Amino acid sequence: MNANERHRGAFTSHEAPQMIQDLRYDLPGDTDLAKAIADRAFDADLNVTAHQVASLGLEYGTIVPMHYMNPDGFAKVVSVASPLFTSFEESRLLGEATRRAIDQSGERVAILASGSLSHRLWPNKKLGPEAWTSVASEFNRQVDLRVLELWQARRYREFLDMLPDYATKCNGEGGMADTIMLFAALGWYDYRGTAEQLCDYFPSSGSGQVTVEFHVDT
């Protein structure tokens, strides 16, 4: 994870530079919280490092939401990366460790799971103009919509029981580690809060996208 005291740079997407280019950011970090998360992860036998490397920049999964939600840098940022080959259980343990570190910090913290729902992208030969605004698999689209129905009904146990298959069969980006970590931090089966859908479900380059806020008791 990125534990720098300050995050500064300019980002151009290597996947779609025509969509995201020269996106500049200057955000405060939270080194103490990053180290606390790493410590709690170590307690759970996870190999997690809180890096303080000045040249370690942020990726668009952090930069884009911060561009809209935190433009003036009022909130400090800790960027937690999901290793490409992490397991389902490791992601869950890291989410639980994150929650413990937050609880012990006494800080008011928002957790952003920055990914997608399904994530089967269109192959190059089919990547025409219409591909940017369509879902590549009707099966994936239908499962995404079912997931949103489960969230709206607070049927989280059913969703969590299907999550391993959902992440695999619907091509979850990074194994849907962001979603696994989020629900682990929320309390997994014990979570009872409201899921507020903030926009319509929409496609992007084959993947399924939505913004949902999961409310917690304060």
# chains A, B, ... in the order shown; residues from 1 in each chain; ligands from 1
call {"tool": "closest_atom_pairs", "arguments": {"of": "range 170-200 of chain A", "to": "range 99-123 of chain A", "cutoff": "7 Å", "atoms": "only C-alpha atoms", "output": "JSON lines"}}
result
{"residue": "A:Cys170", "atom": "CA", "partner": "A:Ser118", "partner_atom": "CA", "distance": 5.1}
{"residue": "A:Asn171", "atom": "CA", "partner": "A:His119", "partner_atom": "CA", "distance": 5.1}
{"residue": "A:Gly172", "atom": "CA", "partner": "A:His119", "partner_atom": "CA", "distance": 5.2}
{"residue": "A:Glu173", "atom": "CA", "partner": "A:His119", "partner_atom": "CA", "distance": 5.7}
{"residue": "A:Asp178", "atom": "CA", "partner": "A:Ala113", "partner_atom": "CA", "distance": 4.9}
{"residue": "A:Thr179", "atom": "CA", "partner": "A:Ala113", "partner_atom": "CA", "distance": 6.0}
{"residue": "A:Leu182", "atom": "CA", "partner": "A:Ala113", "partner_atom": "CA", "distance": 6.1}
{"residue": "A:Ala185", "atom": "CA", "partner": "A:Arg99", "partner_atom": "CA", "distance": 4.9}
call {"tool": "select_by_dssp", "arguments": {"residues": "range 5-211 of chain A", "states": "alpha helix (DSSP H)", "output": "ChimeraX atom specification"}}
result
/A:31-43,60-69,88-105,138-152,156-169,177-186
call {"tool": "atom_distance", "arguments": {"atom1": "CA of Arg141 in chain A", "atom2": "CA of Ser87 in chain A"}}
result
24.6 Å
call {"tool": "residues_around", "arguments": {"residues": "Asp43 in chain A", "least_positions_apart": "2", "cutoff": "12 Å", "atoms": "only C-alpha atoms", "output": "JSON, numbers by chain"}}
result
{"A": [36, 37, 38, 39, 40, 41, 45, 46, 47, 48, 93, 94, 96, 97, 98, 100, 101]}
call {"tool": "atom_distance", "arguments": {"atom1": "CA of Gly187 in chain A", "atom2": "CA of Asp161 in chain A"}}
result
14.2 Å
call {"tool": "select_by_dssp", "arguments": {"residues": "range 10-150 of chain A", "states": "strand (DSSP E or B)", "output": "ChimeraX atom specification"}}
result
/A:10-11,23-29,51,77,79,135
